[in-house]
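In what follows, a single structure is set out as structure tokens and then discussed.
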Amino acid sequence: MNLKCYGDVMLTLIGRKILGAAETTGEMLALLAEMVYYFKDAPRNRSEILRQMREIGLGTLPIACLMSLFIGMVLALQTGVQLADFGTQEAIGAIVGLSMVKELGPVMTSLLVAGRIGSSMAAEVGAMQVYEEIDALRTLEINPVRYLAMPRFIACMLAMPALVVFTVIISMFGGGVVCAFNAKIGVPLNVYYDSLTNALNYREILKGLLKAAVFGGIIAHVGCYVGFKTMGGARGIGQSTTRAVVLAFLLIFVANYFLTRFMM
């Protein structure tokens, strides 16, 4: 009897989780559709879009460049030393360039933006939800999705590719410095950059920028959705901030797999 009751409880909990996940997915798709619908009003919101782009891009650029510099240096160091054992260290430029353009650049930058900007969006929109400012917007016949979510969504999709361009360039520079000044690797800068430029082409660069734009949309989408669903005062705002970061990280990794599979 006890085992039967325990099984019923477990099935009930699993069913609730599945229904909750399905409800969340439906609500997020509905919010995405509504944001896309209000793209037509983007010209009227260009000042807010530009403000959000400045906050996302310029605010994140210093730490993103520092992060990418050391990622490029570590990637070149680890890979170059291994390749040197086989006498193929001249290919290090191609490896660093393709790795940063196709994977590490978009993914690592998006994770940084999700932690910094996604949490900020969730907290800002969540505070407005908790303190009934969003209800006040509806009272004034201002659609909160058009006023709050759509500008952030567009700004994040536009700012992320530009941010990734800077981070990729800085990482390539860091990799070149390591290759030139590490005696174990011993690859001159001209050999490093020849290998890098020969490996890269416009198609690979566009793939990385497309990933960055999609990841930017995911960050803003999740941040706004979680913000709209916030309740419970200051404690709820803190929980929403954490939830937005975790959910954005998860969706970025999932989207990265499917985008990579689709682009192969």
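Numbering starts fresh at 1 for the residues of each chain in the structure tokens, the chains themselves are lettered A, B, ... in the order given, and ligands are numbered from 1 as they appear.
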If you take only C-alpha atoms and a cut-off of 7 Å, which residues of region 93-151 of chain A touch region 162-175 of chain A, and what are their nearest atom pairs and distances in Å to one decimal, in chain and number order, as a tab-separated table?
residue	atom	partner	partner_atom	distance
A:Val96	CA	A:Met172	CA	6.8
A:Gly97	CA	A:Met172	CA	6.4
A:Met100	CA	A:Val168	CA	5.9
A:Val101	CA	A:Val168	CA	6.3
A:Gly105	CA	A:Val168	CA	5.7
A:Pro106	CA	A:Val164	CA	6.0
A:Thr109	CA	A:Val164	CA	6.6
- Item | Residues within 9 Å of region 80-95 of chain A, only C-alpha atoms, excluding chain neighbours under 2 positions, as a list in words |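 Here the answer would be Leu75, Ala76, Leu77, Gln78, Gly97, Leu98, Ser99, Met100, Met172, Gly175, Gly176, Cys179, Lys184, Ile185, Gly186, Val187, Pro188, Val191, Tyr192, Tyr193, Asp194, Ser195, Leu196, Thr197, Asn198, Ala199 and Leu200 of chain A.
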Give me the residues within 12 Å of Met35 (chain A) as a compact mmCIF listing (two decimals) with C-alpha atoms, in the first residue's frame, counting only C-alpha atoms and dropping any in the same chain fewer than 5 places off.
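Saved file result00.txt follows:
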# COMPACT_ATOMS: atom_id res chain seq x y z
CA MET A 28 7.39 31.76 -24.20
CA LEU A 29 6.33 31.03 -27.78
CA ALA A 30 3.36 33.37 -27.38
CA LYS A 40 6.61 47.03 -37.12
CA ASP A 41 6.77 49.61 -34.33
CA ALA A 42 10.57 49.44 -34.03
CA ASN A 143 1.27 47.36 -24.39
CA PRO A 144 4.13 46.20 -22.11
CA VAL A 145 5.49 43.78 -24.73
CA ARG A 146 5.80 46.56 -27.30
CA TYR A 147 7.13 49.05 -24.77
CA LEU A 148 9.51 46.83 -22.75
CA ALA A 149 10.23 43.50 -24.45
CA MET A 150 10.43 44.31 -28.16
CA PRO A 151 13.15 47.03 -27.91
CA ARG A 152 15.30 44.80 -25.69
CA PHE A 153 14.86 41.85 -28.04
CA ILE A 154 15.92 43.80 -31.13
CA GLY A 217 17.46 36.98 -28.98
CA ALA A 220 16.43 39.08 -24.15
CA HIS A 221 13.49 36.73 -24.64
CA CYS A 224 11.71 39.58 -20.38
CA TYR A 225 9.63 36.42 -19.97
- Select from region 61-209 of chain A everything DSSP, run on the backbone, classes as alpha helix (DSSP H), then give the selection as a PyMOL selection string. chain A and resi 61-84+92-99+105-113+119-130+133-139+144+150-181+189-199+202-209
- Item | Interatomic distance, CA of Leu50 (chain A) to CA of Leu158 (chain A) (Å, one decimal) |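 So the answer is 9.8 Å.
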- Message: From the options A:Arg203, A:Tyr131, A:Met73, A:Ala122, which residue's atoms come nearest to Asn182 (chain A), counting only C-alpha atoms?
- Response: A:Met73
- Nearest to Cys156 (chain A) by atom-to-atom distance, counting only C-alpha atoms, from A:Ile218, A:Cys65, A:Leu251, A:Met231: A:Ile218
- Query: CA of Leu58 (chain A) to CA of Ser110 (chain A): how many Å, to one decimal?
  - Reply: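 Separation between CA of Leu58 (chain A) and CA of Ser110 (chain A): 14.5 Å.
Proximity ranking of A:Met128, A:Met121, A:Leu31, A:Val74 relative to Thr241 (chain A) places A:Met121 first, based on only C-alpha atoms.
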- Task: Considering only C-alpha atoms, return as number ranges by chain whatever protein or nucleic-acid residues lie within 12 Å of Arg243 (chain A), sequence-local ones (same chain, fewer than 5 positions apart) excluded.
- Result: A: 114-115, 118-123, 126, 219, 222-227, 229-230, 236-238, 248-250
Those same residues - N, CA and C atoms - I'd like them written as a compact mmCIF listing (two decimals), in the first residue's frame.
# COMPACT_ATOMS: atom_id res chain seq x y z
N ALA A 114 24.50 36.94 -21.00
CA ALA A 114 23.36 36.39 -20.26
C ALA A 114 23.51 36.64 -18.77
N GLY A 115 24.73 36.46 -18.25
CA GLY A 115 24.95 36.70 -16.83
C GLY A 115 24.85 38.17 -16.45
N GLY A 118 21.11 39.61 -19.19
CA GLY A 118 19.88 38.84 -19.00
C GLY A 118 19.35 38.95 -17.58
N SER A 119 20.25 38.87 -16.61
CA SER A 119 19.82 39.02 -15.21
C SER A 119 19.31 40.42 -14.94
N SER A 120 19.95 41.42 -15.55
CA SER A 120 19.51 42.80 -15.37
C SER A 120 18.12 43.03 -15.95
N MET A 121 17.88 42.45 -17.15
CA MET A 121 16.55 42.58 -17.75
C MET A 121 15.49 41.93 -16.88
N ALA A 122 15.77 40.73 -16.40
CA ALA A 122 14.80 40.03 -15.56
C ALA A 122 14.51 40.82 -14.29
N ALA A 123 15.55 41.39 -13.68
CA ALA A 123 15.36 42.16 -12.45
C ALA A 123 14.58 43.45 -12.71
N GLY A 126 11.05 42.48 -13.78
CA GLY A 126 10.43 41.86 -12.61
C GLY A 126 10.04 42.87 -11.55
N ILE A 219 18.63 35.54 -25.01
CA ILE A 219 18.91 36.23 -23.74
C ILE A 219 17.82 37.24 -23.42
N VAL A 222 14.31 35.43 -22.78
CA VAL A 222 14.23 34.79 -21.46
C VAL A 222 14.15 35.84 -20.36
N GLY A 223 14.99 36.87 -20.46
CA GLY A 223 14.98 37.91 -19.43
C GLY A 223 13.64 38.59 -19.29
N CYS A 224 13.02 38.91 -20.42
CA CYS A 224 11.71 39.58 -20.38
C CYS A 224 10.62 38.62 -19.91
N TYR A 225 10.65 37.38 -20.39
CA TYR A 225 9.63 36.42 -19.97
C TYR A 225 9.66 36.19 -18.47
N VAL A 226 10.84 35.93 -17.95
CA VAL A 226 10.97 35.69 -16.51
C VAL A 226 10.57 36.94 -15.73
N GLY A 227 10.91 38.11 -16.26
CA GLY A 227 10.50 39.35 -15.59
C GLY A 227 9.00 39.50 -15.53
N LYS A 229 6.84 37.19 -15.39
CA LYS A 229 6.27 36.17 -14.52
C LYS A 229 6.68 36.33 -13.06
N THR A 230 7.40 37.39 -12.74
CA THR A 230 7.91 37.58 -11.38
C THR A 230 6.78 37.93 -10.42
N GLY A 236 11.16 37.39 -4.74
CA GLY A 236 10.79 36.91 -6.08
C GLY A 236 11.67 37.50 -7.16
N ILE A 237 12.06 38.76 -7.01
CA ILE A 237 12.95 39.40 -7.98
C ILE A 237 14.30 38.69 -8.00
N GLY A 238 14.83 38.37 -6.81
CA GLY A 238 16.09 37.65 -6.75
C GLY A 238 16.01 36.27 -7.37
N ALA A 248 18.58 30.87 -19.60
CA ALA A 248 19.27 31.37 -20.78
C ALA A 248 20.48 30.51 -21.12
N PHE A 249 21.25 30.12 -20.10
CA PHE A 249 22.40 29.24 -20.33
C PHE A 249 21.95 27.94 -20.99
N LEU A 250 20.90 27.35 -20.46
CA LEU A 250 20.41 26.07 -20.98
C LEU A 250 19.97 26.21 -22.44
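Proximity ranking of A:Leu247, A:Leu210, A:Val36, A:Leu13 relative to Phe262 (chain A) places A:Leu210 first, based on only C-alpha atoms.
Of note, CA of Tyr257 (chain A) and CA of Met108 (chain A) are spaced 14.2 Å apart.
Using only C-alpha atoms, the smallest distance between any of A:Ala180, A:Met160, A:Ala244, A:Leu104 and Val125 (chain A) comes from A:Ala244.
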